[in-house]
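Student: My structure is below; once you've seen it, I'll send some questions.
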Amino acid sequence: MISVVGAGITLPFDVEPYQPHDSEYAAGKRLLKRALSHLGPRFANYVVADAKFATAPFLHTSDQVGLPLIARLKQNLPELAAAVEARFSQQPPMATFPYGEDWIEVWDADDFDPGETLEWTTVRVMRYRQHKKDGTIIQADWLTNFSVAKLPTRSFFKLAKSRWEIENQGFNEAKNLYGMEHIQHHHPNSMLVNWLFILLALMIERLYRIRYLHRGSHPILTAMQLKDTLWLYLRPARADSS
């Protein structure tokens, strides 16, 4: 699933099925390329992804479509993860700031070695440590090819946190509120059509509920009239042959 995040409203708008012997990041590469080809490069300013997408092929695909990338760093890039741990664990945080009721410590450096597989000059990594009121501490490392000049540390932290919009307002709501997890179909194309209709319904409902487009002078339509109107607008336009 691919979603627009970080703009005050989360809008999942496309999905990509796995192919035989496929992987999640390979499907993600196809989805990212298709999204850019359909919507154009200005629909997004960056890509945010979980650690499983922090592989050289996916990072290079993001470069190819012209979008900077922010991805969670775990042991998927072991040499980089080890270098980050060796440096940041020996240094005090470079900044601290409040985050709601929590307290954040951050480390940020843009001169890590990309290794042999990643075709970047250097890698920038931010570590944040989130101290919660109950004493829980959450620590996470994130990598990016954003420069410090274009993305200050606190903005880097904010964009990294937007990853959870995909999980919470994307996957969780689609499965728990819209039935995406229990589609009663087995043919691959039928399942894909159902997924796309669910995303369409989710987007329409969310745009209405959150953005609330005020009703104009048109009369109130019945549910059937709304369905017929939507169907007419979704049908492809046909040229007048008369």
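Just remember, in the structure tokens the first chain shown is A, the second B, etc., residues are 1-based per chain, and ligands are 1-based in the order shown.
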Determine, for each residue of stretch 15-112 of chain A having at least one atom at most 7 Å from an atom of stretch 118-127 of chain A, the closest pair of atoms and their separation in Å to one decimal, counting only C-alpha atoms; order by chain and ascending number, as a Markdown table.
Tutor:
```
| residue | atom | partner | partner_atom | distance |
| --- | --- | --- | --- | --- |
| A:Ala56 | CA | A:Leu118 | CA | 5.1 |
| A:Val106 | CA | A:Arg127 | CA | 5.6 |
| A:Trp107 | CA | A:Arg127 | CA | 5.1 |
| A:Asp108 | CA | A:Met126 | CA | 4.3 |
| A:Ala109 | CA | A:Arg124 | CA | 5.6 |
| A:Asp110 | CA | A:Arg124 | CA | 3.7 |
| A:Asp111 | CA | A:Thr122 | CA | 5.4 |
| A:Phe112 | CA | A:Val123 | CA | 5.0 |
```
Student: Skip stretch 80-85 of chain A itself and residues of its chain fewer than 4 positions away, then list as a list in words all residues within 8 Å of it, counting only C-alpha atoms.
Tutor: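 The residues that qualify are Leu73, Lys74, Gln75, Ser89, Phe112, Asp113, Pro114, Gly115 and Val125 of chain A.
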Student: So which residues touch stretch 33-41 of chain A within 10 Å, counting only C-alpha atoms, skipping near sequence neighbours fewer than 2 positions away, as an mmCIF file with C-alpha atoms, in the first residue's frame?
Tutor:
```
data_model
loop_
_atom_site.group_PDB
_atom_site.id
_atom_site.type_symbol
_atom_site.label_atom_id
_atom_site.label_comp_id
_atom_site.auth_asym_id
_atom_site.auth_seq_id
_atom_site.Cartn_x
_atom_site.Cartn_y
_atom_site.Cartn_z
ATOM 1 C CA ILE A 2 1.189 3.538 -0.766
ATOM 2 C CA PHE A 13 -4.409 5.469 -2.821
ATOM 3 C CA ASP A 14 -2.830 2.392 -4.425
ATOM 4 C CA VAL A 15 -1.755 -1.180 -3.747
ATOM 5 C CA GLU A 16 0.620 -3.635 -5.409
ATOM 6 C CA GLY A 28 7.262 -1.459 -3.406
ATOM 7 C CA LYS A 29 9.645 -0.496 -6.192
ATOM 8 C CA ARG A 30 6.983 -1.191 -8.820
ATOM 9 C CA LEU A 31 4.365 0.710 -6.846
ATOM 10 C CA PHE A 43 2.411 14.845 -5.570
ATOM 11 C CA ALA A 44 5.065 14.058 -2.930
ATOM 12 C CA ASN A 45 8.140 15.667 -1.406
ATOM 13 C CA THR A 61 14.624 3.479 -7.064
ATOM 14 C CA SER A 62 13.672 6.446 -4.898
ATOM 15 C CA GLN A 64 15.568 7.428 -9.867
ATOM 16 C CA VAL A 65 12.101 8.936 -9.378
ATOM 17 C CA GLY A 66 13.621 12.045 -7.805
ATOM 18 C CA LEU A 67 12.346 11.751 -4.247
#
```
Student: Could you tell me, as a VMD selection string, which residues of stretch 2-176 of chain A DSSP assigns to helix (DSSP H, G or I) when given the backbone?
Tutor: chain A and resid 24 to 39 41 to 43 51 to 53 56 to 64 78 to 88 153 to 161 163 to 176
Student: Of the candidates A:Tyr233, A:Phe146, A:Tyr25, A:Tyr18, which one gets nearest to A:Pro57 if we count only C-alpha atoms?
Tutor: A:Tyr25
Student: Apply DSSP to the structure's backbone, then extract all residues of stretch 87-130 of chain A labelled strand (DSSP E) and return them as a PDB file with N, CA and C atoms, in the first residue's frame.
Tutor:
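Output contents, as saved in states.pdb:
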```pdb
ATOM      1  N   ALA A  95      20.637  17.343  20.868  1.00  0.00           N
ATOM      2  CA  ALA A  95      19.510  18.226  21.167  1.00  0.00           C
ATOM      3  C   ALA A  95      18.459  17.451  21.948  1.00  0.00           C
ATOM      4  N   THR A  96      17.668  18.175  22.722  1.00  0.00           N
ATOM      5  CA  THR A  96      16.516  17.599  23.415  1.00  0.00           C
ATOM      6  C   THR A  96      15.346  18.555  23.241  1.00  0.00           C
ATOM      7  N   PHE A  97      14.120  18.008  23.182  1.00  0.00           N
ATOM      8  CA  PHE A  97      12.934  18.852  23.023  1.00  0.00           C
ATOM      9  C   PHE A  97      11.698  18.062  23.430  1.00  0.00           C
ATOM     10  N   PRO A  98      10.620  18.770  23.807  1.00  0.00           N
ATOM     11  CA  PRO A  98       9.388  18.080  24.194  1.00  0.00           C
ATOM     12  C   PRO A  98       8.640  17.588  22.959  1.00  0.00           C
ATOM     13  N   TYR A  99       7.891  16.513  23.153  1.00  0.00           N
ATOM     14  CA  TYR A  99       7.048  15.963  22.090  1.00  0.00           C
ATOM     15  C   TYR A  99       5.750  15.506  22.744  1.00  0.00           C
ATOM     16  N   ASP A 102       5.865  13.678  26.090  1.00  0.00           N
ATOM     17  CA  ASP A 102       7.128  12.943  26.135  1.00  0.00           C
ATOM     18  C   ASP A 102       8.314  13.895  25.993  1.00  0.00           C
ATOM     19  N   TRP A 103       9.497  13.312  26.131  1.00  0.00           N
ATOM     20  CA  TRP A 103      10.747  14.071  25.991  1.00  0.00           C
ATOM     21  C   TRP A 103      11.635  13.339  25.003  1.00  0.00           C
ATOM     22  N   ILE A 104      12.219  14.082  24.051  1.00  0.00           N
ATOM     23  CA  ILE A 104      12.998  13.492  22.964  1.00  0.00           C
ATOM     24  C   ILE A 104      14.460  13.895  23.068  1.00  0.00           C
ATOM     25  N   GLU A 105      15.350  12.917  22.920  1.00  0.00           N
ATOM     26  CA  GLU A 105      16.778  13.149  22.733  1.00  0.00           C
ATOM     27  C   GLU A 105      17.129  12.740  21.304  1.00  0.00           C
ATOM     28  N   VAL A 106      17.959  13.515  20.626  1.00  0.00           N
ATOM     29  CA  VAL A 106      18.311  13.188  19.247  1.00  0.00           C
ATOM     30  C   VAL A 106      19.814  13.270  19.022  1.00  0.00           C
ATOM     31  N   TRP A 107      20.285  12.394  18.124  1.00  0.00           N
ATOM     32  CA  TRP A 107      21.634  12.414  17.570  1.00  0.00           C
ATOM     33  C   TRP A 107      21.466  12.502  16.052  1.00  0.00           C
ATOM     34  N   ASP A 108      22.356  13.215  15.383  1.00  0.00           N
ATOM     35  CA  ASP A 108      22.204  13.395  13.938  1.00  0.00           C
ATOM     36  C   ASP A 108      23.584  13.612  13.321  1.00  0.00           C
ATOM     37  N   ALA A 109      23.952  12.784  12.337  1.00  0.00           N
ATOM     38  CA  ALA A 109      25.241  12.936  11.645  1.00  0.00           C
ATOM     39  C   ALA A 109      25.058  12.558  10.182  1.00  0.00           C
ATOM     40  N   ASP A 110      25.736  13.274   9.287  1.00  0.00           N
ATOM     41  CA  ASP A 110      25.533  13.073   7.851  1.00  0.00           C
ATOM     42  C   ASP A 110      26.771  12.552   7.125  1.00  0.00           C
ATOM     43  N   ASP A 111      27.687  11.910   7.854  1.00  0.00           N
ATOM     44  CA  ASP A 111      28.943  11.488   7.229  1.00  0.00           C
ATOM     45  C   ASP A 111      29.233  10.005   7.405  1.00  0.00           C
ATOM     46  N   PHE A 112      28.196   9.175   7.502  1.00  0.00           N
ATOM     47  CA  PHE A 112      28.424   7.741   7.622  1.00  0.00           C
ATOM     48  C   PHE A 112      28.746   7.132   6.260  1.00  0.00           C
ATOM     49  N   VAL A 123      25.887   8.776   4.070  1.00  0.00           N
ATOM     50  CA  VAL A 123      24.548   8.501   4.592  1.00  0.00           C
ATOM     51  C   VAL A 123      24.342   9.336   5.852  1.00  0.00           C
ATOM     52  N   ARG A 124      23.205   9.965   5.922  1.00  0.00           N
ATOM     53  CA  ARG A 124      22.842  10.709   7.130  1.00  0.00           C
ATOM     54  C   ARG A 124      21.952   9.825   8.003  1.00  0.00           C
ATOM     55  N   VAL A 125      22.245   9.770   9.285  1.00  0.00           N
ATOM     56  CA  VAL A 125      21.471   8.943  10.213  1.00  0.00           C
ATOM     57  C   VAL A 125      21.076   9.777  11.422  1.00  0.00           C
ATOM     58  N   MET A 126      19.821   9.674  11.804  1.00  0.00           N
ATOM     59  CA  MET A 126      19.332  10.294  13.028  1.00  0.00           C
ATOM     60  C   MET A 126      18.895   9.195  13.998  1.00  0.00           C
ATOM     61  N   ARG A 127      19.264   9.323  15.234  1.00  0.00           N
ATOM     62  CA  ARG A 127      18.750   8.465  16.304  1.00  0.00           C
ATOM     63  C   ARG A 127      17.895   9.325  17.226  1.00  0.00           C
ATOM     64  N   TYR A 128      16.701   8.844  17.538  1.00  0.00           N
ATOM     65  CA  TYR A 128      15.937   9.526  18.578  1.00  0.00           C
ATOM     66  C   TYR A 128      15.651   8.561  19.708  1.00  0.00           C
ATOM     67  N   ARG A 129      15.603   9.105  20.906  1.00  0.00           N
ATOM     68  CA  ARG A 129      15.258   8.346  22.099  1.00  0.00           C
ATOM     69  C   ARG A 129      14.080   9.060  22.763  1.00  0.00           C
ATOM     70  N   GLN A 130      12.946   8.397  22.769  1.00  0.00           N
ATOM     71  CA  GLN A 130      11.708   8.995  23.262  1.00  0.00           C
ATOM     72  C   GLN A 130      11.423   8.500  24.676  1.00  0.00           C
TER      73      GLN A 130
END
```
Student: Just the number, please: distance in Å from atom CA of A:Asn76 to atom CA of A:Thr10, one decimal.
Tutor: 27.3 Å
Student: How far is it from atom CA of A:Glu24 to atom CA of A:Ala51, in Å with one decimal?
Tutor: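 Taking atom CA of A:Glu24 and atom CA of A:Ala51, their separation equals 11.3 Å.
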